[in-house]
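Contents: one structure, followed by commentary.
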Amino acid sequence: MQVTLITIVAVAIAVGLSMILVSATGGSPIDAAKALYTGSVADVAAWSETLKAAAPLLLVALGACISNRAGVFNIGQEGQLLLGAAAGAYVALHLALPGPIVVLLSLLAGAAAGGIWSGASAVMNYTRGVNIVVSTLLMSFIAIQVVSFSVSVPWLLQAPRASADSIASPESAQLPEAVRLMGFGQYPNLEIGGGLVIALILTIVLAVLLGRSRWGFRLNMLGLNPMAARHAGVRASYLGGSALFLSGAFAGLAGAVILSGSVFRLQPALSNNFGWDGLLVALIARSRPIAAIPVALLFGALRSGSSFLASTGVPNYLVDVVQSLLVLAFVVPPVLARVRSRGRAEATTPPSEPVPAATTEPEKVTA
Amino acid sequence: MTDGQTDSARDLEAPALELRGVTKCFGPVVACDAVDLAVRSGEIHGLLGENGAGKSTLMKVLLGLVQRDEGTIMRSGKQVEVPTPQAAVELGLGMVHQHFSLIESLTVWENVSLGEPGRVKRDEIADQIKDVGTRYGLPISPTARVGDLSAGERQRVEIIKCLRRDPEVLILDEPTSVLTMNESQELFEVLRDVVTRENRAVILISHKLAEIMAATDQVTVLRKGSVAFRCATPETSPRELAKQMVGREVSLHSEGAALGLISEDTTPEEVQAAAAEAPVKADPEARTPALALTDVVVKGDDGRVLLDNFGLTVAPGEILALYGVEGNGQATLGDLLSGLLEPTSGTVAINGAAVPMTKIGALHKAGVGVVPEDRHRSGVVLDMSVLDNLVMTDLGRVSGRFLLRRREARKLATRLIEQFNISTPSIDTPLRNLSGGNQQRVVLARELSTDPSVLVAAQPTHGLDVGAIEDMYERLRAAAGRGVAVLLITTELEEVMALASRVAVISSGRVTGVLDIHEATAERLGLLVGGEAA
Amino acid sequence: ACTSPSDTADTSSDSSSGSSDIASKEPDVNGDGKVVVGVLSPGDLNDNGYYESFVAKAEAFTKSKGWTLIKVGSINPADALNQARNLCRQKVDLVALGAAELKDAIPASAEDVCKGTAWYVPSSAEIKQTPQISISRDFINESLLAAGYANGLLMKDKGYTKAGYITGPELDFSVQAAKAFKAGIKEVVPNATLATTYTGDFNDSAKAKEAATAQINQGAKVVYPYLGGATDAVAALATPQNGLLMSTPGTDRCGEPGNKFAVSVIFDPGEYFNAALSDFADGKLKMGVSRDWHLGKDSVPTVKLCNGTADQNAKLKQFIEDIGSGKVVPDTEVSKLGG
Amino acid sequence: MGTEEITTILSSTLRLTAPLAFAACGEYLAERAGTQNISVEGMMLGGAFGSVAVASATGSATTGLLAGAIVGLVVGWLHGNLSHRVQINTFVVGLVLNALVLGLTSFLIAISQFDAHQTAQLSIPGLRDVPILGSFFEQRWPMYTLLLIVPLTWWLVERSRWGLNLRAVADNPQAADVTGLKVNKLRRQALLYCGVLSGLGGAYLATAEVGTFNANMTAGRGFIVIAAVIFGAWRLKGTLIGCLVFGFADALRLALPALGFQLNSQLLVAAPYLMALLAMMLFASKSREPRALGKPFVRGIT
Ligand SMILES: Nc1ncnc2c1ncn2[C@@H]1O[C@H](COP(=O)(O)OP(=O)(O)OP(=O)(O)O)[C@@H](O)[C@H]1O
Ligand SMILES: Nc1ncnc2c1ncn2[C@@H]1O[C@H](COP(=O)(O)OP(=O)(O)OP(=O)(O)O)[C@@H](O)[C@H]1O
Ligand SMILES: [Mg+2]
Ligand SMILES: [Mg+2]
């Protein structure tokens, strides 16, 4: 209840700040607000875009839930996602099998590629002690170069040139209709992508597994006290490594879903911050899959709303600012409320700027 | 003013520290309930109470670490506020905490100077450490890294840190639970020095009645957050104190050993008589040993040999005590048997079958239950619920192929909570919120509930109150009675005498001798502890 | 690169048959009483160069007509389709793509949301002509060959033989551009060498500058910063004392104070768009056709020496005319000399 | 390779390393206090922008440099308050702050026009003519402040009272709290220091090396800085060596084409990252990682 109230205030502040920025550039704040709304939830077309953005976010977040819980912090989703898309593209473009089978294989290939990429970090960590946060981050810079390379050589993924001396773009050919991921509905009607369906099913499966299965229990234990987990027979390198692998696999799957569900060709910019934002979704949802659904939807709405806002002529960068402010507005209040309620229940949090005893209360002589 | 005071002269002078009606609640838990307490300069004041009675909380209120809900704090007759630990230092209050508050990666002198204002003057502080060390008989190297020190040495650092600030009121929260008998003895001498020579006030929290009887002048007993009893120490008896703590009569024969009741005014013969009561009737040679360690060598990361050709057998139904001074490889052995370490060489066999030590969890599977020395480190997951902690090592019991059966888990946990008298607000409370003693019970309950063939109990009564110790001893004996081989790793001779049928002595990572409990005299053990074969 | 002038000439004629009837209603194609032009650009709209010039020209033009301009910059190609749809939902009359990278937006032109909008698509790559779009094509080989030639003239006079070329990621078009530039230099100075550095990022000024410094330290006197936001940082290395010769990536910057540039290579996309906009204003912008821009035939693209001698200017003019007339075939020259 | 080439690469290495080194000193100290803030990138970018804007407004690159440090400080202050007062996950804060700063600076540069200002070159006559090593003595003057900042950082962490407190807080916040240290306050202070130096690093990049600002001009250098700290196993020397490795790898790849080597450009771009990973595999030691690194501190039962 109180959280809702603070959230409303915080969002109002974020919106206010954004509006000031918008009007500073000569735009109309009202129009901007309208655009945010129109682009995200006003009609079915807008919902389609929101849902389309939410699906990969949710998938990345699911993976991040797994690794966060196991206490292995993966922040390289951006690269894993991109590689997943690359692997998916390779399968989709090179395999001559019936469409649905190709789609399935391409999604699996995406997951495998993302998993292998993060799995490499796991191997580096458990064999050589390389810090996971840093290695996943560095691996993601490398992934971008790998994908750039793959779309600039014809024998890998670059789209064939129209003629021998024409310029080839740094991207793959478009996926043929037959190997695209089917969904329900078609823009501008409500479009529910296959990716979203997959993401939702996986969310439920994962929620059950994390909350109810031996695997989920052991994962939590590993994350909270690796020593106790080891005593209870948990092999950190195996369970933690596989958690890292899975988180990469989910990111890779997200990449493959973006590829075969909405972009239809591999481009080095395909990842489009979905990796980072997906991680953010998981963190905000405190690594709980079910909670990640609304958060992913919120982020999806922010994305679609923002891109609509951009299309009204508000400079793109401002849109990023607005989005960051809104994210903060949604993140701060629950945490604030939690911290404050903890403060009240335990009263162990001292006043933030405590003053020495002598100055707070004059010492009284009560002999 | 306060009852239980006899010396009228002392009544005139305001107590060094006085608490009036201090109350502190954590949500529904009333940790301290209108506690009155007065401590005078020149006295050692004992504070007793069961696990979770609120002792630590009360002291934290004094130290500015927890803010009280109600009540007043008086320092030399003046009402004061203690909003922060710094304020407490300014008021001349110093505390040695129940759980170490040292930073392992820092050196001794850095730890000692931590939390003070002003420039870091290494040489000055080092000199002071040496000074304080010689003055009170607490030698320590100021440049040693705390992470490399033994528990006893760390305790010394804590005390030096506290004393160097020249506190007028010194609070020690269970300072002896990790000390050997000699170390405790030395500590009490230091404390006596501090109060008589320097006229300071000391609050000593302990579960060991013998210590309280021997070392304190006044004693206050807390029960469920409120003061149950207070008295001048000479006017009371251990039996009375035990009764006041628990709220009922306590059997004082074998449990007395651990409480230190016996050592105070009993002869060695009586100790042996008490030990003979132990229901341990096992012939170690007769059967395959349940636990057999042969030529085990463990090396540390830095190449130091921690266990050196270590060999030991424990028969089913036997309680074997591994006795020795802290820091001679007990922790390593505990880690080894908890499956946290791999030996460099040697074998560990359970019921005659060698355990593949490289396989994680193999020991546990083979039937080794462990009550580890440092439960926070490897025994429990503080952020998981009591329920989860009770079932976590053996999920097979409460799950199908993949999924847990929550209902069964609840049933099991509820049963264990009842059986082991674990006091917790609810089964779903995070373990973090239980008092130290109750956390220990959770570990024991879990490890015993899996029907192990070997139970390793490392310092199992550390931090436990009388009732809990009684309970713990009964359960260890009962386990042995059921045929479990119990390896008791301990630094307390009374515990050895009270429980074990055989005693092995560890020194510098090797077993220097194994004695039948009847042959174990203080002299022989002392020689073995010193590293000489008997 | 690209299609040779001879085979693109007929694209416009044969595809016009499929053109829609939008032209008749221009410029208020959707008939809502106002004219709105929407520009989608993959690049930074303030890059002080290629992408900025596109919207700058559009801005000036729409202002003069009293139309509304919506400009959206830094669009991720993967997001192009969505952005185009969004523009259509804003009821624009003309959707203009800033560069061919956004070609995946084109399918929107056939969708219901974009019904009744005109489309302008610039292209140096091959984009399939559809009845809903109007394509504008230019040929990077022509411009860069001439740019190389102009630099070659300057190098020859000063006796330089080393040149440098710096660009961002190693993409096919930048590779092609490097080849054409090299070929152009070699037309004049056959023994010249060209060092090509890919910094990986069009906008990382510090790295571009280091790359340029390395080239300069190795004796390069001609440097072509074929970059985006990092262009100016590199150009700042040229001082009157060190005699470095810089060329511009796309726009005319000869007149700027400080005389940083020696050669303006002008293939300003804004110029092409401007032409399309005036057609649009007159109701003559046809969908389903493409228009080609050739060096030596049209006023843009072209290459200019900022401080050229009369002789150099004349030679450059002749070379450009030769390209226009087909006497010099850029693609052949590039494959001959650019390798 | 002749001396000419070596000099080219060496001086380029210095220039590419310096901005990293500034920020690395800050991030090193912050991590020694147990904070892990990926907002270094935002601090650097904000610092770069602030320095150029203020240099243009005042006409003084030096003032700009200071302003850059202040912008970094503000970002550090924000991060500190959000993650060590409000207790929002530090990675969430980092990700959001990076996006915010990137958006804001890109936006502001789009609507403003700045003059280029560059700090003066300080070259030491005589020494600068020494072959190869001469490049050390011919740099923009702010680079020489590193000669102060590096020892200062070392002194602060290893010798000062504050540093002692920071190290305690990084290793065992619960114990530090019991000892009376204000854990979260110390961490916020560490982030302020990190902010100042990271801002300075960005400002150095913009006003000393480049002279202008362009959108996203730091291009991931903040992440490299974090990698350098971990690469250096949380020791200052190692951290600076890490920065040098990255600087050298970049210098090498940018100079190689000019020296007549053509290698695959994607491989070259990825080379620094590959080198860092390889080096960490060979030398990484987890044992020096602050034990509470990146973990929020909340007071509880001890
Ligand atoms: N921060 C807290 N939040 C919730 N409950 C707490 C907290 N601190 C203490 N408690 C509860 O308060 C009660 C008193 O705890 P305290 O630590 O003072 O016991 P104690 O007498 O020191 O016990 P022990 O002998 O086991 O150390 C216990 O029930 C404990 O669970
Ligand atoms: N004069 C001094 N004043 C204050 N602190 C000091 C002084 N000399 C050393 N220290 C502290 O003592 C510790 C050990 O000092 P020493 O000089 O042996 O370090 P070191 O072994 O060279 O350091 P490192 O292990 O980091 O390489 C240092 O970490 C530092 O905190
Ligand atoms: Mg306690
Ligand atoms: Mg209209």
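Labels for the structure tokens follow display order: chains A, B, ..., residues from 1 in each chain, ligands from 1.
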Contacts of ligand 2, 12 Å or closer, only C-alpha atoms and all ligand atoms, given as number ranges by chain: B: 105-111, 113-114, 118-126, 142-145; D: 154-168, 233-238, 288
Would you mind writing down, as a compact mmCIF listing (two decimals) with all heavy atoms, in the first residue's frame, each residue of stretch 410-464 of chain B that DSSP on the backbone assigns to alpha helix (DSSP H)?
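Produced file result_3.txt, reproduced below:
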```
# COMPACT_ATOMS: atom_id res chain seq x y z
N ARG B 410 7.85 -30.40 6.00
CA ARG B 410 7.31 -29.68 7.15
C ARG B 410 7.10 -30.63 8.32
O ARG B 410 7.39 -30.31 9.47
CB ARG B 410 5.96 -29.03 6.81
CG ARG B 410 6.04 -27.83 5.92
CD ARG B 410 4.71 -27.10 5.91
NE ARG B 410 4.70 -26.04 6.89
CZ ARG B 410 5.27 -24.86 6.69
NH1 ARG B 410 5.91 -24.62 5.57
NH2 ARG B 410 5.24 -23.93 7.62
N LYS B 411 6.58 -31.80 7.96
CA LYS B 411 6.29 -32.76 9.03
C LYS B 411 7.58 -33.15 9.75
O LYS B 411 7.67 -33.13 10.98
CB LYS B 411 5.61 -34.01 8.44
CG LYS B 411 4.23 -34.21 9.04
CD LYS B 411 3.58 -35.56 8.80
CE LYS B 411 3.68 -36.12 7.44
NZ LYS B 411 2.77 -36.97 6.85
N LEU B 412 8.57 -33.46 8.92
CA LEU B 412 9.86 -33.86 9.48
C LEU B 412 10.44 -32.75 10.35
O LEU B 412 10.88 -32.97 11.48
CB LEU B 412 10.81 -34.19 8.33
CG LEU B 412 12.26 -34.50 8.73
CD1 LEU B 412 12.33 -35.77 9.54
CD2 LEU B 412 13.14 -34.60 7.50
N ALA B 413 10.42 -31.53 9.81
CA ALA B 413 11.02 -30.41 10.52
C ALA B 413 10.28 -30.14 11.82
O ALA B 413 10.90 -29.92 12.86
CB ALA B 413 11.02 -29.17 9.63
N THR B 414 8.96 -30.19 11.76
CA THR B 414 8.19 -29.95 12.97
C THR B 414 8.55 -30.98 14.04
O THR B 414 8.71 -30.66 15.21
CB THR B 414 6.67 -30.05 12.67
OG1 THR B 414 6.43 -29.38 11.45
CG2 THR B 414 5.85 -29.43 13.77
N ARG B 415 8.71 -32.23 13.57
CA ARG B 415 9.05 -33.28 14.53
C ARG B 415 10.41 -33.00 15.17
O ARG B 415 10.58 -33.10 16.37
CB ARG B 415 9.07 -34.63 13.80
CG ARG B 415 8.78 -35.80 14.71
CD ARG B 415 8.98 -37.12 13.99
NE ARG B 415 10.38 -37.36 13.69
CZ ARG B 415 10.82 -37.83 12.52
NH1 ARG B 415 9.98 -38.09 11.53
NH2 ARG B 415 12.10 -38.04 12.34
N LEU B 416 11.36 -32.61 14.32
CA LEU B 416 12.71 -32.37 14.84
C LEU B 416 12.72 -31.19 15.80
O LEU B 416 13.40 -31.21 16.83
CB LEU B 416 13.68 -32.11 13.68
CG LEU B 416 14.01 -33.34 12.83
CD1 LEU B 416 14.88 -32.94 11.66
CD2 LEU B 416 14.70 -34.40 13.68
N ILE B 417 11.98 -30.14 15.46
CA ILE B 417 11.93 -28.97 16.32
C ILE B 417 11.42 -29.34 17.70
O ILE B 417 11.94 -28.93 18.73
CB ILE B 417 11.05 -27.88 15.69
CG1 ILE B 417 11.79 -27.24 14.52
CG2 ILE B 417 10.66 -26.82 16.71
CD1 ILE B 417 10.99 -26.24 13.74
N GLU B 418 10.43 -30.21 17.68
CA GLU B 418 9.85 -30.65 18.93
C GLU B 418 10.83 -31.53 19.70
O GLU B 418 11.12 -31.31 20.87
CB GLU B 418 8.59 -31.44 18.61
CG GLU B 418 7.51 -31.35 19.65
CD GLU B 418 6.23 -31.91 19.08
OE1 GLU B 418 5.62 -31.24 18.22
OE2 GLU B 418 5.90 -33.04 19.46
N GLN B 419 11.39 -32.51 18.96
CA GLN B 419 12.29 -33.46 19.57
C GLN B 419 13.51 -32.80 20.20
O GLN B 419 13.96 -33.19 21.25
CB GLN B 419 12.78 -34.40 18.48
CG GLN B 419 12.49 -35.84 18.74
CD GLN B 419 12.93 -36.67 17.54
OE1 GLN B 419 13.92 -36.36 16.89
NE2 GLN B 419 12.18 -37.70 17.24
N GLY B 436 22.23 -18.23 19.08
CA GLY B 436 23.33 -19.14 18.75
C GLY B 436 23.06 -20.58 19.17
O GLY B 436 23.29 -21.52 18.42
N GLY B 437 22.56 -20.75 20.38
CA GLY B 437 22.33 -22.09 20.89
C GLY B 437 21.29 -22.85 20.08
O GLY B 437 21.44 -24.04 19.81
N ASN B 438 20.28 -22.14 19.68
CA ASN B 438 19.24 -22.80 18.90
C ASN B 438 19.72 -23.16 17.51
O ASN B 438 19.32 -24.17 16.94
CB ASN B 438 17.99 -21.93 18.84
CG ASN B 438 17.18 -22.06 20.11
OD1 ASN B 438 16.84 -23.16 20.52
ND2 ASN B 438 16.94 -20.94 20.77
N GLN B 439 20.60 -22.32 16.96
CA GLN B 439 21.20 -22.67 15.68
C GLN B 439 21.96 -23.98 15.80
O GLN B 439 21.88 -24.85 14.94
CB GLN B 439 22.14 -21.55 15.22
CG GLN B 439 21.39 -20.26 14.85
CD GLN B 439 22.33 -19.14 14.47
OE1 GLN B 439 23.54 -19.30 14.46
NE2 GLN B 439 21.76 -17.99 14.14
N GLN B 440 22.68 -24.10 16.93
CA GLN B 440 23.45 -25.32 17.15
C GLN B 440 22.53 -26.54 17.23
O GLN B 440 22.83 -27.59 16.70
CB GLN B 440 24.26 -25.17 18.44
CG GLN B 440 25.17 -26.33 18.74
CD GLN B 440 26.44 -26.27 17.89
OE1 GLN B 440 26.40 -25.80 16.76
NE2 GLN B 440 27.54 -26.74 18.42
N ARG B 441 21.40 -26.37 17.87
CA ARG B 441 20.46 -27.49 17.97
C ARG B 441 19.93 -27.89 16.61
O ARG B 441 19.70 -29.07 16.34
CB ARG B 441 19.28 -27.12 18.85
CG ARG B 441 19.65 -27.02 20.30
CD ARG B 441 18.45 -26.64 21.12
NE ARG B 441 18.90 -25.86 22.27
CZ ARG B 441 18.24 -25.78 23.40
NH1 ARG B 441 17.09 -26.41 23.55
NH2 ARG B 441 18.71 -25.07 24.38
N VAL B 442 19.74 -26.90 15.76
CA VAL B 442 19.26 -27.22 14.42
C VAL B 442 20.27 -28.13 13.72
O VAL B 442 19.90 -29.13 13.10
CB VAL B 442 19.03 -25.92 13.60
CG1 VAL B 442 18.83 -26.24 12.12
CG2 VAL B 442 17.85 -25.15 14.14
N VAL B 443 21.54 -27.78 13.86
CA VAL B 443 22.57 -28.59 13.20
C VAL B 443 22.55 -30.01 13.75
O VAL B 443 22.55 -30.99 13.00
CB VAL B 443 23.96 -27.96 13.41
CG1 VAL B 443 25.03 -28.84 12.78
CG2 VAL B 443 24.01 -26.57 12.83
N LEU B 444 22.52 -30.12 15.05
CA LEU B 444 22.55 -31.45 15.66
C LEU B 444 21.32 -32.26 15.25
O LEU B 444 21.43 -33.43 14.88
CB LEU B 444 22.62 -31.34 17.19
CG LEU B 444 22.73 -32.69 17.88
CD1 LEU B 444 24.10 -33.29 17.64
CD2 LEU B 444 22.44 -32.58 19.37
N ALA B 445 20.18 -31.61 15.29
CA ALA B 445 18.95 -32.29 14.93
C ALA B 445 19.04 -32.84 13.52
O ALA B 445 18.71 -33.99 13.25
CB ALA B 445 17.77 -31.33 15.03
N ARG B 446 19.55 -32.01 12.63
CA ARG B 446 19.63 -32.44 11.23
C ARG B 446 20.61 -33.59 11.09
O ARG B 446 20.32 -34.60 10.44
CB ARG B 446 20.09 -31.26 10.38
CG ARG B 446 20.21 -31.62 8.93
CD ARG B 446 20.83 -30.50 8.15
NE ARG B 446 22.21 -30.28 8.54
CZ ARG B 446 22.80 -29.10 8.58
NH1 ARG B 446 22.13 -28.01 8.29
NH2 ARG B 446 24.07 -29.00 8.93
N GLU B 447 21.77 -33.46 11.69
CA GLU B 447 22.79 -34.47 11.47
C GLU B 447 22.39 -35.81 12.10
O GLU B 447 22.69 -36.86 11.56
CB GLU B 447 24.14 -34.00 12.01
CG GLU B 447 24.69 -32.78 11.28
CD GLU B 447 24.96 -33.02 9.80
OE1 GLU B 447 25.46 -34.10 9.46
OE2 GLU B 447 24.64 -32.13 8.97
N LEU B 448 21.71 -35.76 13.23
CA LEU B 448 21.31 -37.01 13.87
C LEU B 448 20.11 -37.64 13.18
O LEU B 448 19.93 -38.84 13.20
CB LEU B 448 21.01 -36.79 15.35
CG LEU B 448 22.24 -36.74 16.25
CD1 LEU B 448 21.83 -36.51 17.69
CD2 LEU B 448 23.07 -38.02 16.13
N SER B 449 19.31 -36.80 12.55
CA SER B 449 18.07 -37.33 11.98
C SER B 449 18.32 -38.17 10.74
O SER B 449 17.43 -38.85 10.26
CB SER B 449 17.12 -36.17 11.64
OG SER B 449 17.64 -35.46 10.54
```
Step by step, measure atom-to-atom distances between ligand 3 and each residue using only C-alpha atoms and all ligand atoms, keep those at most 9 Å, then write them as a list of chain:residue names. B:Asn51, B:Gly52, B:Ala53, B:Gly54, B:Lys55, B:Ser56, B:Thr57, B:His97, B:Gln98, B:His99, B:Asp173, B:Glu174, B:Ile205, B:Ser435, B:Gly436, B:Gly437, B:Gly463
Prev. selection, N, CA and C atoms, output as a PDB file, in the first residue's frame:
```pdb
ATOM      1  N   ASN B  51      20.319 -20.069  26.279  1.00  0.00           N
ATOM      2  CA  ASN B  51      20.437 -19.539  24.936  1.00  0.00           C
ATOM      3  C   ASN B  51      19.201 -18.733  24.610  1.00  0.00           C
ATOM      4  N   GLY B  52      19.442 -17.554  24.073  1.00  0.00           N
ATOM      5  CA  GLY B  52      18.318 -16.727  23.663  1.00  0.00           C
ATOM      6  C   GLY B  52      17.687 -15.982  24.809  1.00  0.00           C
ATOM      7  N   ALA B  53      18.348 -15.978  25.971  1.00  0.00           N
ATOM      8  CA  ALA B  53      17.762 -15.286  27.115  1.00  0.00           C
ATOM      9  C   ALA B  53      17.851 -13.769  26.953  1.00  0.00           C
ATOM     10  N   GLY B  54      18.691 -13.329  26.046  1.00  0.00           N
ATOM     11  CA  GLY B  54      18.762 -11.898  25.790  1.00  0.00           C
ATOM     12  C   GLY B  54      20.039 -11.245  26.278  1.00  0.00           C
ATOM     13  N   LYS B  55      21.029 -12.039  26.614  1.00  0.00           N
ATOM     14  CA  LYS B  55      22.272 -11.486  27.161  1.00  0.00           C
ATOM     15  C   LYS B  55      22.999 -10.628  26.131  1.00  0.00           C
ATOM     16  N   SER B  56      23.215 -11.217  24.957  1.00  0.00           N
ATOM     17  CA  SER B  56      23.959 -10.482  23.940  1.00  0.00           C
ATOM     18  C   SER B  56      23.215  -9.221  23.541  1.00  0.00           C
ATOM     19  N   THR B  57      21.905  -9.337  23.446  1.00  0.00           N
ATOM     20  CA  THR B  57      21.119  -8.181  23.041  1.00  0.00           C
ATOM     21  C   THR B  57      21.262  -7.051  24.052  1.00  0.00           C
ATOM     22  N   HIS B  97      33.309  -9.343  21.876  1.00  0.00           N
ATOM     23  CA  HIS B  97      32.055  -9.910  21.396  1.00  0.00           C
ATOM     24  C   HIS B  97      32.049 -11.426  21.381  1.00  0.00           C
ATOM     25  N   GLN B  98      30.837 -11.948  21.423  1.00  0.00           N
ATOM     26  CA  GLN B  98      30.654 -13.393  21.419  1.00  0.00           C
ATOM     27  C   GLN B  98      31.213 -13.996  20.134  1.00  0.00           C
ATOM     28  N   HIS B  99      30.879 -13.368  19.013  1.00  0.00           N
ATOM     29  CA  HIS B  99      31.451 -13.814  17.749  1.00  0.00           C
ATOM     30  C   HIS B  99      32.557 -12.833  17.428  1.00  0.00           C
ATOM     31  N   ASP B 173      31.537 -11.228  26.297  1.00  0.00           N
ATOM     32  CA  ASP B 173      30.416 -12.094  25.961  1.00  0.00           C
ATOM     33  C   ASP B 173      30.954 -13.487  25.636  1.00  0.00           C
ATOM     34  N   GLU B 174      30.744 -14.407  26.532  1.00  0.00           N
ATOM     35  CA  GLU B 174      31.222 -15.787  26.380  1.00  0.00           C
ATOM     36  C   GLU B 174      32.648 -15.857  25.879  1.00  0.00           C
ATOM     37  N   ILE B 205      29.863 -12.657  30.615  1.00  0.00           N
ATOM     38  CA  ILE B 205      28.756 -13.529  30.228  1.00  0.00           C
ATOM     39  C   ILE B 205      29.316 -14.917  30.015  1.00  0.00           C
ATOM     40  N   SER B 435      18.798 -17.667  18.147  1.00  0.00           N
ATOM     41  CA  SER B 435      19.968 -17.435  18.979  1.00  0.00           C
ATOM     42  C   SER B 435      20.990 -18.534  18.694  1.00  0.00           C
ATOM     43  N   GLY B 436      22.235 -18.232  19.076  1.00  0.00           N
ATOM     44  CA  GLY B 436      23.334 -19.141  18.750  1.00  0.00           C
ATOM     45  C   GLY B 436      23.063 -20.578  19.174  1.00  0.00           C
ATOM     46  N   GLY B 437      22.555 -20.746  20.382  1.00  0.00           N
ATOM     47  CA  GLY B 437      22.329 -22.087  20.891  1.00  0.00           C
ATOM     48  C   GLY B 437      21.293 -22.846  20.084  1.00  0.00           C
ATOM     49  N   GLY B 463      28.854 -22.401  23.397  1.00  0.00           N
ATOM     50  CA  GLY B 463      27.745 -21.455  23.329  1.00  0.00           C
ATOM     51  C   GLY B 463      26.415 -22.034  23.783  1.00  0.00           C
TER      52      GLY B 463
END
```
Could you build a table of the residues in chain B lying no more than 6 Å from chain D, giving for each the nearest pair of atoms and their separation in Å rounded to one decimal place, using only C-alpha atoms, ordered by chain and ascending residue number, as JSON lines?
```
{"residue": "B:Pro85", "atom": "CA", "partner": "D:Gly180", "partner_atom": "CA", "distance": 4.8}
{"residue": "B:Gln86", "atom": "CA", "partner": "D:Gly180", "partner_atom": "CA", "distance": 5.8}
{"residue": "B:Ser101", "atom": "CA", "partner": "D:Ala175", "partner_atom": "CA", "distance": 4.2}
{"residue": "B:Ile103", "atom": "CA", "partner": "D:Asn172", "partner_atom": "CA", "distance": 5.9}
{"residue": "B:Gly115", "atom": "CA", "partner": "D:Gly180", "partner_atom": "CA", "distance": 5.6}
{"residue": "B:Arg119", "atom": "CA", "partner": "D:Arg161", "partner_atom": "CA", "distance": 5.7}
{"residue": "B:Val120", "atom": "CA", "partner": "D:Arg161", "partner_atom": "CA", "distance": 5.4}
```
Return as a ChimeraX atom specification the residues of protein, DNA or RNA that approach ligand 4 to within 8 Å, with only C-alpha atoms and all ligand atoms taken into account. /C:27-36,91-93
Those same residues - C-alpha atoms - I'd like them written as a PDB file, in the first residue's frame.
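After the write, out-v7.pdb holds the following:
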```pdb
ATOM      1  CA  PRO C  27       2.614  16.596 -50.771  1.00  0.00           C
ATOM      2  CA  ASP C  28      -0.311  15.988 -48.374  1.00  0.00           C
ATOM      3  CA  VAL C  29      -0.461  12.346 -49.328  1.00  0.00           C
ATOM      4  CA  ASN C  30      -2.721  11.236 -46.533  1.00  0.00           C
ATOM      5  CA  GLY C  31      -4.998  14.197 -46.959  1.00  0.00           C
ATOM      6  CA  ASP C  32      -5.123  15.269 -43.345  1.00  0.00           C
ATOM      7  CA  GLY C  33      -4.545  18.869 -44.203  1.00  0.00           C
ATOM      8  CA  LYS C  34      -0.942  19.134 -43.170  1.00  0.00           C
ATOM      9  CA  VAL C  35       2.337  17.911 -44.504  1.00  0.00           C
ATOM     10  CA  VAL C  36       4.510  15.909 -42.206  1.00  0.00           C
ATOM     11  CA  LYS C  91       0.399  10.310 -39.779  1.00  0.00           C
ATOM     12  CA  VAL C  92       3.417  11.362 -41.756  1.00  0.00           C
ATOM     13  CA  ASP C  93       3.113  11.950 -45.472  1.00  0.00           C
TER      14      ASP C  93
END
```
Test item: residues at most 6 Å from stretch 194-200 of chain D, only C-alpha atoms, excluding those fewer than 2 positions along its chain, as a list in words: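 The contact residues come out as Phe22, Ala23, Gly26, Glu27, Ala30, Met43, Met44, Gly47, Gly68, Ala69, Gly72, Leu73, Gly76, Leu191, Leu192, Gly202, Ala203 and Tyr204 of chain D.
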